[in-house]
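Printed here is work-v4.pdb (PDB, C-alpha atoms and all ligand atoms):
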```
ATOM      1  CA  MET A 115      33.348  40.096 -15.103
ATOM      2  CA  ARG A 116      35.009  37.220 -16.902
ATOM      3  CA  LEU A 117      34.089  33.790 -15.662
ATOM      4  CA  ASN A 118      34.397  30.279 -16.908
ATOM      5  CA  PRO A 119      32.954  27.202 -15.239
ATOM      6  CA  LEU A 120      36.206  26.137 -13.595
ATOM      7  CA  THR A 121      36.983  29.549 -12.253
ATOM      8  CA  THR A 122      33.482  29.597 -10.883
ATOM      9  CA  LEU A 123      34.438  26.792  -8.527
ATOM     10  CA  ILE A 124      37.115  28.817  -6.774
ATOM     11  CA  LEU A 125      34.927  31.824  -6.810
ATOM     12  CA  TYR A 126      32.044  30.103  -5.180
ATOM     13  CA  PRO A 127      32.230  32.206  -2.015
ATOM     14  CA  PHE A 128      31.859  35.397  -4.022
ATOM     15  CA  ILE A 129      29.075  34.122  -6.120
ATOM     16  CA  PHE A 130      27.323  32.777  -3.119
ATOM     17  CA  ALA A 131      27.712  36.062  -1.322
ATOM     18  CA  SER A 132      26.335  38.030  -4.207
ATOM     19  CA  SER A 133      23.376  35.817  -4.878
ATOM     20  CA  THR A 134      21.530  38.681  -6.493
ATOM     21  CA  SER A 135      24.098  38.583  -9.265
ATOM     22  CA  ALA A 136      22.642  37.925 -12.660
ATOM     23  CA  ILE A 137      25.558  35.649 -13.432
ATOM     24  CA  TRP A 138      24.395  33.163 -10.903
ATOM     25  CA  ASP A 139      20.799  33.302 -11.910
ATOM     26  CA  PRO A 140      20.620  31.880 -15.384
ATOM     27  CA  SER A 141      16.962  31.103 -14.893
ATOM     28  CA  SER A 142      15.939  34.708 -14.438
ATOM     29  CA  SER A 143      15.244  35.264 -18.110
ATOM     30  CA  LEU A 144      13.179  32.109 -18.495
ATOM     31  CA  PRO A 145       9.455  31.679 -17.982
ATOM     32  CA  SER A 146       8.809  31.339 -14.284
ATOM     33  CA  ARG A 147       7.167  27.954 -14.826
ATOM     34  CA  GLN A 148      10.612  26.505 -15.544
ATOM     35  CA  GLN A 149      12.364  28.057 -12.649
ATOM     36  CA  PRO A 150      11.763  25.489  -9.928
ATOM     37  CA  LEU A 151      13.292  22.741 -12.048
ATOM     38  CA  LEU A 152      16.265  24.890 -12.921
ATOM     39  CA  LYS A 153      16.754  25.852  -9.336
ATOM     40  CA  HIS A 154      16.634  22.223  -8.424
ATOM     41  CA  LEU A 155      19.205  21.279 -11.056
ATOM     42  CA  GLU A 156      21.420  24.114  -9.997
ATOM     43  CA  HIS A 157      21.218  22.940  -6.440
ATOM     44  CA  GLN A 158      21.795  19.373  -7.533
ATOM     45  CA  SER A 159      24.956  20.205  -9.414
ATOM     46  CA  MET A 160      26.208  22.311  -6.531
ATOM     47  CA  MET A 161      25.637  19.339  -4.221
ATOM     48  CA  ASP A 162      27.535  17.087  -6.617
ATOM     49  CA  LYS A 163      30.460  19.465  -6.542
ATOM     50  CA  ILE A 164      30.405  19.661  -2.783
ATOM     51  CA  LEU A 165      30.232  15.909  -2.477
ATOM     52  CA  SER A 166      33.067  15.397  -4.899
ATOM     53  CA  GLY A 167      35.185  17.702  -2.793
ATOM     54  CA  LEU A 168      35.482  20.519  -5.281
ATOM     55  CA  ILE A 169      33.682  22.913  -3.049
ATOM     56  CA  ARG A 170      33.574  22.990   0.677
ATOM     57  CA  PRO A 171      30.085  23.187   2.045
ATOM     58  CA  GLN A 172      29.305  26.562   3.431
ATOM     59  CA  GLN A 173      29.991  26.556   7.108
ATOM     60  CA  THR A 174      27.293  28.393   8.958
ATOM     61  CA  ALA A 175      29.043  28.759  12.198
ATOM     62  CA  PRO A 176      27.667  31.424  14.505
ATOM     63  CA  ASN A 177      26.075  29.217  17.120
ATOM     64  CA  GLU A 178      27.666  25.983  16.143
ATOM     65  CA  ASP A 179      29.512  24.226  18.943
ATOM     66  CA  VAL A 180      33.220  24.573  18.589
ATOM     67  CA  ASN A 181      35.520  21.717  19.413
ATOM     68  CA  PRO A 182      34.665  20.994  23.071
ATOM     69  CA  GLU A 183      38.338  20.750  23.988
ATOM     70  CA  SER A 184      38.973  24.290  22.885
ATOM     71  CA  SER A 185      35.635  25.858  23.724
ATOM     72  CA  ASP A 186      36.975  27.528  26.852
ATOM     73  CA  SER A 187      39.816  28.974  24.837
ATOM     74  CA  PRO A 188      38.722  29.707  21.288
ATOM     75  CA  ILE A 189      41.281  30.569  18.644
ATOM     76  CA  ILE A 190      41.106  32.632  15.478
ATOM     77  CA  SER A 191      39.777  29.834  13.295
ATOM     78  CA  ASP A 192      36.891  29.353  15.744
ATOM     79  CA  VAL A 193      35.817  32.978  15.793
ATOM     80  CA  LEU A 194      36.509  34.068  12.232
ATOM     81  CA  PRO A 195      33.218  32.676  10.876
ATOM     82  CA  LYS A 196      31.191  34.462  13.550
ATOM     83  CA  THR A 197      31.157  37.930  12.024
ATOM     84  CA  LYS A 198      28.712  37.980   9.121
ATOM     85  CA  ALA A 199      30.077  41.210   7.660
ATOM     86  CA  ILE A 200      33.326  39.438   6.770
ATOM     87  CA  ASN A 201      32.124  35.980   5.844
ATOM     88  CA  VAL A 202      33.354  36.192   2.242
ATOM     89  CA  PHE A 203      36.890  36.686   3.494
ATOM     90  CA  ALA A 204      36.452  34.071   6.227
ATOM     91  CA  ARG A 205      35.460  31.477   3.648
ATOM     92  CA  LEU A 206      38.447  32.317   1.488
ATOM     93  CA  THR A 207      40.811  31.590   4.367
ATOM     94  CA  ARG A 208      39.539  28.021   4.419
ATOM     95  CA  ASP A 209      40.239  27.444   0.749
ATOM     96  CA  PHE A 210      43.999  27.351   1.208
ATOM     97  CA  ASP A 211      45.460  24.693   3.476
ATOM     98  CA  ALA A 212      48.531  26.699   4.446
ATOM     99  CA  ILE A 213      46.346  29.598   5.541
ATOM    100  CA  ALA A 214      43.715  27.457   7.216
ATOM    101  CA  ASN A 215      46.427  25.614   9.144
ATOM    102  CA  ARG A 216      48.032  28.856  10.276
ATOM    103  CA  LEU A 217      44.713  30.173  11.595
ATOM    104  CA  ASN A 218      44.125  26.850  13.283
ATOM    105  CA  ASP A 219      47.422  26.915  15.128
ATOM    106  CA  GLY A 220      46.712  28.184  18.631
ATOM    107  CA  SER A 221      50.439  28.461  19.358
ATOM    108  CA  LYS A 222      51.020  31.132  16.706
ATOM    109  CA  ASN A 223      49.551  34.592  17.074
ATOM    110  CA  ILE A 224      48.001  36.401  14.150
ATOM    111  CA  THR A 225      46.087  39.578  13.367
ATOM    112  CA  VAL A 226      43.485  39.049  10.659
ATOM    113  CA  LEU A 227      42.629  42.151   8.640
ATOM    114  CA  ALA A 228      39.307  41.083   7.215
ATOM    115  CA  PRO A 229      37.750  43.375   4.602
ATOM    116  CA  ARG A 230      33.985  43.705   4.724
ATOM    117  CA  ASN A 231      32.087  41.645   2.173
ATOM    118  CA  SER A 232      31.044  44.793   0.305
ATOM    119  CA  ALA A 233      34.669  45.924  -0.024
ATOM    120  CA  ILE A 234      35.593  42.643  -1.707
ATOM    121  CA  GLN A 235      32.517  42.590  -3.897
ATOM    122  CA  ASN A 236      33.021  46.181  -5.048
ATOM    123  CA  LEU A 237      36.620  45.760  -6.136
ATOM    124  CA  PRO A 238      37.199  47.061  -9.666
ATOM    125  CA  ARG A 239      38.738  43.706 -10.520
ATOM    126  CA  LYS A 240      38.211  40.463  -8.692
ATOM    127  CA  PRO A 241      40.949  39.338  -6.309
ATOM    128  CA  TRP A 242      41.868  36.373  -8.498
ATOM    129  CA  GLU A 243      42.356  38.616 -11.518
ATOM    130  CA  ASN A 244      45.722  40.087 -12.358
ATOM    131  CA  PRO A 245      45.940  42.516 -15.274
ATOM    132  CA  ALA A 246      49.354  41.046 -16.106
ATOM    133  CA  ASP A 247      47.743  37.643 -16.648
ATOM    134  CA  TYR A 248      45.310  39.156 -19.139
ATOM    135  CA  GLU A 249      48.168  40.827 -20.971
ATOM    136  CA  LYS A 250      50.246  37.704 -21.086
ATOM    137  CA  PHE A 251      47.623  35.048 -21.735
ATOM    138  CA  GLY A 252      44.766  37.048 -23.202
ATOM    139  CA  GLU A 253      41.327  37.929 -21.926
ATOM    140  CA  VAL A 254      39.814  34.583 -22.764
ATOM    141  CA  ASN A 255      42.595  32.245 -21.724
ATOM    142  CA  ALA A 256      44.002  33.916 -18.625
ATOM    143  CA  TYR A 257      42.068  31.662 -16.263
ATOM    144  CA  GLU A 258      41.163  28.798 -18.577
ATOM    145  CA  GLY A 259      42.325  25.233 -18.145
ATOM    146  CA  SER A 260      44.381  23.878 -15.289
ATOM    147  CA  ASP A 261      47.157  26.449 -15.692
ATOM    148  CA  GLY A 262      44.593  29.210 -15.599
ATOM    149  CA  GLN A 263      42.992  27.657 -12.549
ATOM    150  CA  ASP A 264      46.344  27.576 -10.804
ATOM    151  CA  ARG A 265      46.934  31.215 -11.651
ATOM    152  CA  ALA A 266      43.564  32.248 -10.268
ATOM    153  CA  LYS A 267      44.195  30.259  -7.093
ATOM    154  CA  ARG A 268      47.645  31.752  -6.583
ATOM    155  CA  ASN A 269      46.289  35.257  -7.047
ATOM    156  CA  LEU A 270      43.501  34.580  -4.606
ATOM    157  CA  GLN A 271      45.869  33.075  -2.031
ATOM    158  CA  ARG A 272      48.061  36.136  -2.284
ATOM    159  CA  PHE A 273      45.059  38.361  -1.776
ATOM    160  CA  VAL A 274      44.205  36.526   1.437
ATOM    161  CA  GLU A 275      47.825  36.503   2.648
ATOM    162  CA  ALA A 276      48.031  40.266   2.113
ATOM    163  CA  HIS A 277      45.466  40.540   4.918
ATOM    164  CA  LEU A 278      47.264  38.392   7.484
ATOM    165  CA  ILE A 279      49.690  39.934   9.973
ATOM    166  CA  PRO A 280      51.731  37.185  11.662
ATOM    167  CA  VAL A 281      51.854  38.939  15.045
ATOM    168  CA  SER A 282      49.408  39.801  17.796
ATOM    169  CA  PRO A 283      49.201  42.041  19.646
ATOM    170  CA  TRP A 284      50.139  44.317  16.754
ATOM    171  CA  ARG A 285      51.297  47.574  18.286
ATOM    172  CA  ILE A 286      50.608  51.010  16.909
ATOM    173  CA  GLY A 287      53.406  52.128  14.609
ATOM    174  CA  GLU A 288      54.951  48.649  14.523
ATOM    175  CA  GLU A 289      55.954  47.714  10.973
ATOM    176  CA  VAL A 290      55.191  44.089  10.167
ATOM    177  CA  GLU A 291      55.311  42.095   6.948
ATOM    178  CA  THR A 292      52.072  40.425   5.941
ATOM    179  CA  LEU A 293      52.178  36.778   4.900
ATOM    180  CA  ALA A 294      52.282  38.149   1.353
ATOM    181  CA  GLY A 295      55.435  40.082   2.184
ATOM    182  CA  GLU A 296      54.188  43.675   2.194
ATOM    183  CA  LYS A 297      55.134  45.899   5.115
ATOM    184  CA  LEU A 298      52.245  47.489   6.999
ATOM    185  CA  THR A 299      51.805  49.647  10.077
ATOM    186  CA  TRP A 300      48.777  51.229  11.658
ATOM    187  CA  THR A 301      48.059  54.680  12.998
ATOM    188  CA  LYS A 302      45.329  56.393  14.953
ATOM    189  CA  ASP A 303      43.309  59.505  14.240
ATOM    190  CA  GLY A 304      41.129  60.265  17.230
ATOM    191  CA  ASP A 305      39.451  56.964  18.045
ATOM    192  CA  LYS A 306      39.802  55.605  14.534
ATOM    193  CA  MET A 307      42.520  53.174  13.511
ATOM    194  CA  PHE A 308      43.990  53.216  10.006
ATOM    195  CA  ILE A 309      46.218  50.729   8.209
ATOM    196  CA  GLN A 310      49.161  52.265   6.361
ATOM    197  CA  PRO A 311      50.004  52.642   3.594
ATOM    198  CA  GLY A 312      46.605  53.356   2.109
ATOM    199  CA  ASN A 313      44.913  54.908   5.138
ATOM    200  CA  ILE A 314      42.504  51.993   5.280
ATOM    201  CA  GLU A 315      39.971  52.475   8.006
ATOM    202  CA  VAL A 316      39.507  49.798  10.628
ATOM    203  CA  ASP A 317      35.801  49.601  11.311
ATOM    204  CA  SER A 318      36.157  47.592  14.493
ATOM    205  CA  VAL A 319      38.110  44.938  16.291
ATOM    206  CA  ALA A 320      35.534  42.198  16.055
ATOM    207  CA  GLU A 321      37.256  39.469  18.054
ATOM    208  CA  LYS A 322      40.101  39.053  20.509
ATOM    209  CA  VAL A 323      41.123  35.528  21.378
ATOM    210  CA  HIS A 324      44.232  34.044  22.899
ATOM    211  CA  ASN A 325      46.155  33.706  19.649
ATOM    212  CA  GLY A 326      45.077  36.876  17.943
ATOM    213  CA  GLU A 327      42.532  39.411  16.823
ATOM    214  CA  VAL A 328      40.096  39.900  13.953
ATOM    215  CA  TRP A 329      39.901  43.440  12.628
ATOM    216  CA  VAL A 330      37.145  44.438  10.242
ATOM    217  CA  LEU A 331      38.354  46.757   7.466
ATOM    218  CA  ASN A 332      36.210  49.055   5.369
ATOM    219  CA  ASN A 333      38.417  48.432   2.366
ATOM    220  CA  VAL A 334      40.917  45.881   1.086
ATOM    221  CA  ILE A 335      44.663  46.106   1.585
ATOM    222  CA  ASN A 336      46.275  47.317  -1.583
ATOM    223  CA  TYR A 337      48.080  44.196  -2.654
ATOM    224  CA  ARG A 338      50.540  43.550  -5.424
ATOM    225  CA  GLN A 339      50.068  40.445  -7.440
ATOM    226  CA  GLU A 340      53.701  39.586  -8.079
TER
HETATM  227  C1  LIG B 401      50.003  36.055  21.799
HETATM  228  O1  LIG B 401      48.818  36.733  22.200
HETATM  229  C2  LIG B 401      48.578  36.708  23.584
HETATM  230  C3  LIG B 401      47.218  37.332  23.824
HETATM  231  O2  LIG B 401      47.174  38.628  23.329
HETATM  232  C4  LIG B 401      49.694  37.440  24.327
HETATM  233  O3  LIG B 401      49.474  37.399  25.725
HETATM  234  C5  LIG B 401      51.020  36.782  23.980
HETATM  235  O4  LIG B 401      52.079  37.507  24.573
HETATM  236  C6  LIG B 401      51.205  36.715  22.478
HETATM  237  N1  LIG B 401      52.416  35.979  22.168
HETATM  238  C7  LIG B 401      53.353  36.489  21.372
HETATM  239  C8  LIG B 401      54.523  35.589  21.101
HETATM  240  O5  LIG B 401      53.277  37.595  20.882
END
```
Target encoding structure tokens, full file:
Amino acid sequence: MRLNPLTTLILYPFIFASSTSAIWDPSSSLPSRQQPLLKHLEHQSMMDKILSGLIRPQQTAPNEDVNPESSDSPIISDVLPKTKAINVFARLTRDFDAIANRLNDGSKNITVLAPRNSAIQNLPRKPWENPADYEKFGEVNAYEGSDGQDRAKRNLQRFVEAHLIPVSPWRIGEEVETLAGEKLTWTKDGDKMFIQPGNIEVDSVAEKVHNGEVWVLNNVINYRQE
């Protein structure tokens, strides 16, 4: 995996989710005596970043009170953080204002196709990486500097948008364009639902609220970067 400190900021949800990752544990090779201090410094710098607005604090939502005005009628943005198995994806949706606002709009229906955390973490390349960027800008520079940052963010936004269907209910066989512009349908085989193309298995429909549904996918939607 190729990471630089700036990219790390956008990728925080991934890194956080894979806390066993050696990348995020620079202290692991040091004598254990030094670890508490390092841990503290790590935490300190993370807090600085959160406070300076670079990173949103992790929202641990399950039993948190939702907005009292909407508590009798929750919407997608209220329920998305509730399913732990998809919390990497849920956090990504909050990193882009356009997406967060769409999910927050109770007057617009949406079907969220949320890949399981493991599906995102096991991708052969990370969702912010585009092979074309590496070809064009080189392995080292693809996501360096502010241009590189912007590229990584755009790629990541597109990844999220490829998993958002701007209708609900989404009927079997109905072809709909995702917010990223790819046409998808879904089919059934016995009791199992599959997203097409790609035959991506829907593990479950985790939530149904008045403006939409959250589906948990066992894999990611095959998305094109450009
Ligand atoms: C939005 O979803 C609700 C609940 O499923 C449904 O009753 C309503 O018809 C949907 N609205 C549109 C415009 O699809």
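Closest approach to Pro245 of chain A among A:Ser191, A:Ser232, A:Thr225, A:Asn269: A:Asn269, based on all atoms listed in the file.
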Kindly compile the residues surrounding ligand LIG 401 (chain B) within 9 Å, counting all atoms listed in the file, and format them as a PyMOL selection string. chain A and resi 221-224+281-284+322-327
Do a neighbour search on Ile279 of chain A at 8 Å with only C-alpha atoms, toss out local chain neighbours closer than 5 positions, and write the hits as a PDB file with C-alpha atoms, keeping the file's coordinate frame.
```pdb
ATOM      1  CA  ILE A 224      48.001  36.401  14.150  1.00  0.00           C
ATOM      2  CA  THR A 225      46.087  39.578  13.367  1.00  0.00           C
ATOM      3  CA  VAL A 226      43.485  39.049  10.659  1.00  0.00           C
ATOM      4  CA  LEU A 227      42.629  42.151   8.640  1.00  0.00           C
ATOM      5  CA  VAL A 290      55.191  44.089  10.167  1.00  0.00           C
ATOM      6  CA  GLU A 291      55.311  42.095   6.948  1.00  0.00           C
ATOM      7  CA  THR A 292      52.072  40.425   5.941  1.00  0.00           C
ATOM      8  CA  LEU A 293      52.178  36.778   4.900  1.00  0.00           C
TER       9      LEU A 293
END
```
How many Å lie between atom CA of Val334 of chain A and atom CA of Asp211 of chain A, rounded to one decimal? 21.8 Å
Picked residues, the PyMOL selection byres (((chain A and resi 304-306) around 8) and not hetatm), expected as a VMD selection string: chain A and resid 302 to 303 307 to 308 315 to 317
Please enclose the listed atoms of segment 189-197 of chain A in an axis-aligned box, pad each side by 5 Å, and write out the centre and the three edge lengths in Å, rounded to one decimal, as lines of an AutoDock Vina configuration file.
```
center_x = 36.2
center_y = 33.6
center_z = 14.8
size_x = 20.1
size_y = 18.6
size_z = 17.8
```
Under the rule that only C-alpha atoms are counted, which of A:Gly220, A:Ala228, A:Gly312, A:Ile335 is the nearest residue to Leu194 of chain A? A:Ala228
Pick from A:Asp247, A:Glu288, A:Glu275, A:Glu321: nearest to Asp209 of chain A, with all atoms listed in the file counted? A:Glu275
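In this model, the gap between atom CA of Asn201 of chain A and atom CA of Tyr257 of chain A comes to 24.6 Å.
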If you count only C-alpha atoms, the residue of A:Ala233, A:Pro241, A:Asn333, A:Ile189 closest to Gln271 of chain A turns out to be A:Pro241
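You will find atom CA of Arg208 of chain A at 29.3 Å from atom CA of Lys250 of chain A.
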